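> Have a look at this one before I ask anything.
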Amino acid sequence: MPVNELDNLTVESVLELVKSRDPDQPEFHQAVREVMGSIIPYIQNHDKYKHPGLIERLVEPERSVIFRVPWEDDNGNYRVNRGFRVQFNSALGPYKGGLRFSPTVNLGVVKFLAFEQIFKNSLTGLPLGAGKGGSDFDPKERSENEIMRFCQSFMNELYRFVSKDTDVPAGDIGVGEREVGYLFGQYKRLTAQFTGVLTGKGLAYGGSKLRTQATGYGLLYFVEEMLNEKNESLENKSVVISGSGNVALFACDKAIDLGARVIALSDSGGFIHDPEGINAEKLEYLKELKNVRRGRIHEYAEKFGVDFNEGKPWVLDCNIALPCATENEISKDDAETLIHNDVQCIAEGANMPCTDEAITAFYRSGTLYGPGKASNAGGVAVSGLEMTQNAKRYSWSFEDVDDHLINIMKTIHDKCREYGDENTGIDYIKGANIAGFIKVADAMIAQGNV
Ligand code: NDP
Ligand code: 2IT
């Protein structure tokens, strides 16, 4: 096996191995390529990590579960979706990562997300392994009862594989507090146990304060660190955000709070452009529109008399771009447009929203670039804090959790600097990947060939 020839380990040899096993998982290949691009050169200079089998084990999930999810729609039709849980790495703690409900979900997508989670969760400094799951179920246009029946059926199978000490799922695209509630209720019913098996729970039954806000807030805390490094701040910066879900809306919230002007948000139908900036009142409208009425972003344009356009918001002139919707949403062309418009900083709220070519363009132009596994780690970090509070049967104040989050994001930034320091500034990809890798690799080596 080529990767066992440790001195000859290359990014290509690892990719060859991964592709030969699973040729039809392009997102997973993309994630592996990005991580290996940093850690293979590091390993070549650090003999300790030329450890037999380490890389082969790192790119192979410990366990992948695929299951049938039968449910009944409101018209009495029987329907079947496919459910997934990839338990990728438990070297640092119980598997931890979200569940995604979207028609785009397949095994390769879940594997890429779970693989990213290994390094992200390591970076938080908390005792969290890595997993991800979900289903190709489309929650859009489904009634409340259909969503509940689907979640219950999903948990009827998933409950065998999760518990507070083995695997702790949370939300992701299409899975928010409502879905976590139904999943939790069904787990409790099946096991007769009230435990912290999921995070992102409602505050009334074991959720942590700030978990809802955590990914978006954490992203902006990280952006502040990136800008501070250049003696800059968010004050008066124009910001374009994609998406209008959990991450996007709370990124918008904190950006406004820190003095920036958020001029765009989007959904899969298009984007709104509000040149004056979204203010607190407009943001309240958006939260109600998206979370209560579950409406579309174009309604904002109609309500406030601003432009709505189909397509992606990256055509707009801005200082800071925050992709907070989905993977590969910034193409090479989008990146070149942003660079042409003098964008200063890109930071990823979503997982892997930039294509390889887009990242190369940002690096070539010297644009500040924060990879998701560092910049969006605030969500899983507060999930880790939710687990701690559940274990203690205690709940911290909003301010206490916020202080923890600020510290965690700052520490992640420090780690990026420690391992990614270059003459030209911080190489955040290199820093995040190496810092994330070291802790996981140390734990994997110590625990033997398992
Ligand atoms: P939500 O379901 O709350 O929101 C997703 C948003 O992205 C919606 O506005 C949705 O628009 C848009 N979107 C989704 N898919 C597409 C697509 N294919 N094209 C265009 N727009 C799309 O999800 P989250 O906010 O929780 O997640 C957003 C991203 O952040 C994901 O990449 C997720 O993995 C990542 N993330 C989430 C964390 C969390 O704590 N929730 C933590 C860290 C990362 P529409 O409604 O039209 O589909
Ligand atoms: O991508 C992510 O980090 C998440 N969806 C959050 C995972 C979690 O367990 O809170």
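Starting from 1 in every chain, residues are counted up; chains themselves are A, B, ... following the order of the structure tokens, and ligands are numbered from 1 as listed.
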Enumerate as a ChimeraX atom specification the residues within 6 Å of ligand 2, counting only C-alpha atoms and all ligand atoms.

/A:96-98,169-172,377,379-380,383

> When you look at A:Ile55 with a cut-off of 12 Å (counting only C-alpha atoms), what residues show up, excluding the ones that are within fewer than 2 positions of it in the same chain? I need them as a PyMOL selection string.

chain A and resi 1-6+9-11+13-15+17-18+32+35-36+39-40+43+49-53+57-61+437+440-441+444-445+449

> Produce a file of the selected residues containing N, CA and C atoms, as an mmCIF file, in the first residue's frame.


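Dumped everything to again-v8.cif:
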data_model
loop_
_atom_site.group_PDB
_atom_site.id
_atom_site.type_symbol
_atom_site.label_atom_id
_atom_site.label_comp_id
_atom_site.auth_asym_id
_atom_site.auth_seq_id
_atom_site.Cartn_x
_atom_site.Cartn_y
_atom_site.Cartn_z
ATOM 1 N N MET A 1 0.834 -1.198 0.000
ATOM 2 C CA MET A 1 0.000 0.000 0.000
ATOM 3 C C MET A 1 0.873 1.255 0.000
ATOM 4 N N PRO A 2 0.704 2.149 -0.951
ATOM 5 C CA PRO A 2 1.645 3.257 -1.091
ATOM 6 C C PRO A 2 1.786 4.121 0.162
ATOM 7 N N VAL A 3 0.701 4.367 0.904
ATOM 8 C CA VAL A 3 0.832 5.265 2.047
ATOM 9 C C VAL A 3 1.609 4.651 3.205
ATOM 10 N N ASN A 4 1.863 3.351 3.153
ATOM 11 C CA ASN A 4 2.691 2.775 4.206
ATOM 12 C C ASN A 4 4.169 3.053 3.994
ATOM 13 N N GLU A 5 4.518 3.457 2.772
ATOM 14 C CA GLU A 5 5.906 3.849 2.531
ATOM 15 C C GLU A 5 6.021 5.271 3.057
ATOM 16 N N LEU A 6 6.329 5.368 4.342
ATOM 17 C CA LEU A 6 6.082 6.624 5.041
ATOM 18 C C LEU A 6 6.898 7.802 4.539
ATOM 19 N N LEU A 9 5.215 9.389 1.446
ATOM 20 C CA LEU A 9 3.820 9.795 1.570
ATOM 21 C C LEU A 9 3.592 11.114 0.816
ATOM 22 N N THR A 10 2.597 11.132 -0.066
ATOM 23 C CA THR A 10 2.270 12.377 -0.775
ATOM 24 C C THR A 10 0.758 12.595 -0.723
ATOM 25 N N VAL A 11 0.373 13.825 -1.024
ATOM 26 C CA VAL A 11 -1.061 14.114 -1.089
ATOM 27 C C VAL A 11 -1.703 13.194 -2.129
ATOM 28 N N SER A 13 -0.764 10.202 -3.145
ATOM 29 C CA SER A 13 -0.883 8.789 -2.760
ATOM 30 C C SER A 13 -2.069 8.593 -1.806
ATOM 31 N N VAL A 14 -2.297 9.562 -0.936
ATOM 32 C CA VAL A 14 -3.448 9.443 -0.024
ATOM 33 C C VAL A 14 -4.752 9.556 -0.829
ATOM 34 N N LEU A 15 -4.772 10.503 -1.770
ATOM 35 C CA LEU A 15 -5.982 10.672 -2.590
ATOM 36 C C LEU A 15 -6.266 9.437 -3.439
ATOM 37 N N LEU A 17 -5.564 6.397 -2.649
ATOM 38 C CA LEU A 17 -6.147 5.399 -1.750
ATOM 39 C C LEU A 17 -7.636 5.678 -1.526
ATOM 40 N N VAL A 18 -7.939 6.936 -1.220
ATOM 41 C CA VAL A 18 -9.314 7.319 -0.905
ATOM 42 C C VAL A 18 -10.213 7.143 -2.135
ATOM 43 N N VAL A 32 -10.339 15.891 1.851
ATOM 44 C CA VAL A 32 -9.089 15.174 2.161
ATOM 45 C C VAL A 32 -7.909 15.893 1.503
ATOM 46 N N VAL A 35 -6.898 19.029 3.493
ATOM 47 C CA VAL A 35 -6.231 18.759 4.778
ATOM 48 C C VAL A 35 -4.836 18.175 4.537
ATOM 49 N N MET A 36 -4.749 17.220 3.619
ATOM 50 C CA MET A 36 -3.451 16.567 3.368
ATOM 51 C C MET A 36 -2.429 17.580 2.820
ATOM 52 N N ILE A 39 -0.946 18.765 6.022
ATOM 53 C CA ILE A 39 -0.313 17.882 7.022
ATOM 54 C C ILE A 39 0.756 16.960 6.433
ATOM 55 N N ILE A 40 0.684 16.645 5.152
ATOM 56 C CA ILE A 40 1.747 15.772 4.607
ATOM 57 C C ILE A 40 3.108 16.485 4.676
ATOM 58 N N ILE A 43 4.219 16.321 8.272
ATOM 59 C CA ILE A 43 4.658 14.975 8.694
ATOM 60 C C ILE A 43 6.073 14.698 8.187
ATOM 61 N N TYR A 49 5.195 11.680 13.504
ATOM 62 C CA TYR A 49 3.914 11.446 12.837
ATOM 63 C C TYR A 49 4.030 10.552 11.604
ATOM 64 N N LYS A 50 5.275 10.088 11.339
ATOM 65 C CA LYS A 50 5.420 9.063 10.283
ATOM 66 C C LYS A 50 5.100 7.726 10.934
ATOM 67 N N HIS A 51 3.884 7.599 11.367
ATOM 68 C CA HIS A 51 3.501 6.450 12.166
ATOM 69 C C HIS A 51 2.721 5.483 11.292
ATOM 70 N N PRO A 52 3.104 4.200 11.283
ATOM 71 C CA PRO A 52 2.448 3.259 10.376
ATOM 72 C C PRO A 52 0.924 3.263 10.515
ATOM 73 N N GLY A 53 0.272 3.428 9.401
ATOM 74 C CA GLY A 53 -1.188 3.316 9.395
ATOM 75 C C GLY A 53 -1.937 4.553 9.875
ATOM 76 N N ARG A 57 -5.790 5.353 8.707
ATOM 77 C CA ARG A 57 -6.888 5.327 9.680
ATOM 78 C C ARG A 57 -7.600 6.680 9.728
ATOM 79 N N LEU A 58 -6.825 7.748 9.576
ATOM 80 C CA LEU A 58 -7.407 9.093 9.645
ATOM 81 C C LEU A 58 -8.439 9.337 8.539
ATOM 82 N N VAL A 59 -8.234 8.735 7.368
ATOM 83 C CA VAL A 59 -9.161 8.989 6.247
ATOM 84 C C VAL A 59 -10.249 7.918 6.105
ATOM 85 N N GLU A 60 -10.278 6.970 7.026
ATOM 86 C CA GLU A 60 -11.305 5.916 6.968
ATOM 87 C C GLU A 60 -12.213 6.034 8.197
ATOM 88 N N PRO A 61 -13.517 6.246 7.998
ATOM 89 C CA PRO A 61 -14.406 6.367 9.162
ATOM 90 C C PRO A 61 -14.373 5.107 10.032
ATOM 91 N N PHE A 437 -4.744 18.604 13.543
ATOM 92 C CA PHE A 437 -4.177 17.269 13.333
ATOM 93 C C PHE A 437 -3.356 16.791 14.535
ATOM 94 N N VAL A 440 -5.243 15.193 17.475
ATOM 95 C CA VAL A 440 -5.900 13.942 17.091
ATOM 96 C C VAL A 440 -4.848 12.858 16.862
ATOM 97 N N ALA A 441 -3.771 13.228 16.188
ATOM 98 C CA ALA A 441 -2.723 12.239 15.875
ATOM 99 C C ALA A 441 -2.067 11.731 17.164
ATOM 100 N N MET A 444 -4.458 9.328 18.679
ATOM 101 C CA MET A 444 -4.572 8.079 17.903
ATOM 102 C C MET A 444 -3.336 7.204 18.093
ATOM 103 N N ILE A 445 -2.171 7.816 18.105
ATOM 104 C CA ILE A 445 -0.934 7.044 18.285
ATOM 105 C C ILE A 445 -0.941 6.404 19.682
ATOM 106 N N ASN A 449 -3.357 0.794 17.320
ATOM 107 C CA ASN A 449 -3.934 0.562 15.995
ATOM 108 C C ASN A 449 -5.374 0.071 16.112
#

> Once you count only C-alpha atoms and all ligand atoms, which residues end up within 7 Å of ligand 1, and could you hand them over as a ChimeraX atom specification?

/A:171-176,214-215,243-248,266-269,324-327,349-351,353,376-377,379-380

> Could you give me, as a ChimeraX atom specification, each residue of stretch 4-142 of chain A that DSSP assigns to alpha helix (DSSP H) when run on this structure's backbone?

/A:11-21,26-44,54-58,107-123

> Using only C-alpha atoms, which of A:Ala391, A:Ile429, A:Leu249, A:Val450 sits nearest A:Asp356?

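Under the stated criterion, the closest residue is A:Ile429.
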
> Sorted by chain and rising residue number, which residues of stretch 232-343 of chain A lie within 10 Å of stretch 218-225 of chain A, and what are their closest atom pairs and distances in Å to one decimal, counting only C-alpha atoms, as a tab-separated table?


residue	atom	partner	partner_atom	distance
A:Glu232	CA	A:Glu224	CA	8.2
A:Ser233	CA	A:Glu224	CA	6.2
A:Leu234	CA	A:Glu224	CA	6.5
A:Glu235	CA	A:Glu224	CA	9.9
A:Val247	CA	A:Leu219	CA	8.7
A:Ala248	CA	A:Leu219	CA	9.8
A:Phe250	CA	A:Leu220	CA	9.2
A:Ala251	CA	A:Leu220	CA	6.3
A:Cys252	CA	A:Leu220	CA	8.8
A:Asp253	CA	A:Leu220	CA	9.5
A:Lys254	CA	A:Leu220	CA	6.5
A:Ala255	CA	A:Leu220	CA	6.4
A:Asp257	CA	A:Leu220	CA	9.9
A:Leu258	CA	A:Leu220	CA	8.5
A:Ile320	CA	A:Val223	CA	9.1
A:Leu322	CA	A:Leu219	CA	8.7
A:Cys324	CA	A:Leu219	CA	9.7

> Residues near A:Asp24, anyone? I mean within 12 Å using only C-alpha atoms, not counting same-chain ones fewer than 2 positions away, as a list of chain:residue names.

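Close residues of A:Asp24: A:Val18, A:Lys19, A:Ser20, A:Arg21, A:Asp22, A:Pro26, A:Glu27, A:Phe28, A:His29, A:Gln30, A:Asn106, A:Leu107, A:Gly108, A:Val109, A:Lys111.
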
> Suppose we keep N, CA, C and O atoms; can you now write the selection as a PDB file, in the first residue's frame?


ATOM      1  N   VAL A  18      -7.939   6.936  -1.220  1.00  0.00           N
ATOM      2  CA  VAL A  18      -9.314   7.319  -0.905  1.00  0.00           C
ATOM      3  C   VAL A  18     -10.213   7.143  -2.135  1.00  0.00           C
ATOM      4  O   VAL A  18     -11.326   6.625  -2.051  1.00  0.00           O
ATOM      5  N   LYS A  19      -9.682   7.561  -3.289  1.00  0.00           N
ATOM      6  CA  LYS A  19     -10.494   7.462  -4.518  1.00  0.00           C
ATOM      7  C   LYS A  19     -10.689   6.019  -4.945  1.00  0.00           C
ATOM      8  O   LYS A  19     -11.728   5.660  -5.492  1.00  0.00           O
ATOM      9  N   SER A  20      -9.672   5.178  -4.707  1.00  0.00           N
ATOM     10  CA  SER A  20      -9.829   3.787  -5.136  1.00  0.00           C
ATOM     11  C   SER A  20     -10.907   3.104  -4.299  1.00  0.00           C
ATOM     12  O   SER A  20     -11.634   2.252  -4.782  1.00  0.00           O
ATOM     13  N   ARG A  21     -11.033   3.521  -3.051  1.00  0.00           N
ATOM     14  CA  ARG A  21     -12.089   2.928  -2.207  1.00  0.00           C
ATOM     15  C   ARG A  21     -13.464   3.480  -2.579  1.00  0.00           C
ATOM     16  O   ARG A  21     -14.436   2.751  -2.641  1.00  0.00           O
ATOM     17  N   ASP A  22     -13.534   4.800  -2.770  1.00  0.00           N
ATOM     18  CA  ASP A  22     -14.829   5.466  -2.987  1.00  0.00           C
ATOM     19  C   ASP A  22     -14.720   6.482  -4.111  1.00  0.00           C
ATOM     20  O   ASP A  22     -14.608   7.683  -3.861  1.00  0.00           O
ATOM     21  N   PRO A  26     -16.877  13.049  -4.509  1.00  0.00           N
ATOM     22  CA  PRO A  26     -16.002  14.194  -4.814  1.00  0.00           C
ATOM     23  C   PRO A  26     -15.832  15.175  -3.659  1.00  0.00           C
ATOM     24  O   PRO A  26     -14.737  15.721  -3.474  1.00  0.00           O
ATOM     25  N   GLU A  27     -16.877  15.396  -2.883  1.00  0.00           N
ATOM     26  CA  GLU A  27     -16.749  16.364  -1.758  1.00  0.00           C
ATOM     27  C   GLU A  27     -15.779  15.817  -0.715  1.00  0.00           C
ATOM     28  O   GLU A  27     -14.976  16.575  -0.141  1.00  0.00           O
ATOM     29  N   PHE A  28     -15.851  14.504  -0.491  1.00  0.00           N
ATOM     30  CA  PHE A  28     -14.917  13.905   0.482  1.00  0.00           C
ATOM     31  C   PHE A  28     -13.486  14.008  -0.042  1.00  0.00           C
ATOM     32  O   PHE A  28     -12.561  14.371   0.699  1.00  0.00           O
ATOM     33  N   HIS A  29     -13.279  13.729  -1.318  1.00  0.00           N
ATOM     34  CA  HIS A  29     -11.927  13.852  -1.895  1.00  0.00           C
ATOM     35  C   HIS A  29     -11.409  15.285  -1.724  1.00  0.00           C
ATOM     36  O   HIS A  29     -10.239  15.508  -1.388  1.00  0.00           O
ATOM     37  N   GLN A  30     -12.298  16.240  -1.975  1.00  0.00           N
ATOM     38  CA  GLN A  30     -11.912  17.661  -1.880  1.00  0.00           C
ATOM     39  C   GLN A  30     -11.457  18.002  -0.455  1.00  0.00           C
ATOM     40  O   GLN A  30     -10.431  18.675  -0.262  1.00  0.00           O
ATOM     41  N   ASN A 106     -25.822  12.772   0.684  1.00  0.00           N
ATOM     42  CA  ASN A 106     -25.478  11.398   0.321  1.00  0.00           C
ATOM     43  C   ASN A 106     -24.263  11.002   1.167  1.00  0.00           C
ATOM     44  O   ASN A 106     -23.748  11.814   1.941  1.00  0.00           O
ATOM     45  N   LEU A 107     -23.795   9.775   1.009  1.00  0.00           N
ATOM     46  CA  LEU A 107     -22.724   9.297   1.891  1.00  0.00           C
ATOM     47  C   LEU A 107     -21.453  10.142   1.752  1.00  0.00           C
ATOM     48  O   LEU A 107     -20.795  10.453   2.752  1.00  0.00           O
ATOM     49  N   GLY A 108     -21.124  10.557   0.517  1.00  0.00           N
ATOM     50  CA  GLY A 108     -19.903  11.337   0.305  1.00  0.00           C
ATOM     51  C   GLY A 108     -19.976  12.689   0.995  1.00  0.00           C
ATOM     52  O   GLY A 108     -18.993  13.155   1.587  1.00  0.00           O
ATOM     53  N   VAL A 109     -21.149  13.320   0.936  1.00  0.00           N
ATOM     54  CA  VAL A 109     -21.324  14.627   1.594  1.00  0.00           C
ATOM     55  C   VAL A 109     -21.206  14.463   3.113  1.00  0.00           C
ATOM     56  O   VAL A 109     -20.514  15.231   3.791  1.00  0.00           O
ATOM     57  N   LYS A 111     -19.608  12.161   4.686  1.00  0.00           N
ATOM     58  CA  LYS A 111     -18.212  11.851   5.025  1.00  0.00           C
ATOM     59  C   LYS A 111     -17.326  13.093   4.998  1.00  0.00           C
ATOM     60  O   LYS A 111     -16.465  13.278   5.854  1.00  0.00           O
TER      61      LYS A 111
END

> Which residue, A:Ile412, A:Ile278, A:Val262, A:Val180, has the smallest gap to A:Phe150 when you use only C-alpha atoms?

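The closest residue to A:Phe150 is A:Val180.
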
> Looking only at the backbone, which of the residues in stretch 187-360 of chain A does DSSP tag as strand (DSSP E), as a count of residues only?

26

> Could you give me, as a PDB file with C-alpha atoms, in the first residue's frame, the residues within 9 Å of A:Gly366, counting only C-alpha atoms and dropping anything in the same chain fewer than 5 positions from it?


ATOM      1  CA  GLN A 344     -10.480  42.251   2.094  1.00  0.00           C
ATOM      2  CA  ALA A 361      -7.422  32.773  -6.166  1.00  0.00           C
ATOM      3  CA  THR A 424       3.332  37.162   4.427  1.00  0.00           C
TER       4      THR A 424
END

> So the first atom is atom CA of A:Glu281 and the second is atom CA of A:Gly207; what is the distance between them in Å, to one decimal place?

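So the two atoms, atom CA of A:Glu281 and atom CA of A:Gly207, lie 26.5 Å apart.
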
> For a quick check of understanding, using only C-alpha atoms, which of A:Pro139, A:Gly196, A:Gly370, A:Pro323 has the smallest distance to A:Cys345?

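Distance minimum relative to A:Cys345 lands on A:Gly370.
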
> Quick one: distance from atom CA of A:Val382 to atom CA of A:Gly181 in Å, one decimal?

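Distance reported for this atom pair: 17.5 Å.
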
> When distances are computed from only C-alpha atoms, which of A:Pro313, A:Pro275, A:Gly372, A:Gly125 shows the smallest separation from A:Thr411?

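Of all the options, A:Gly125 lies closest to A:Thr411.
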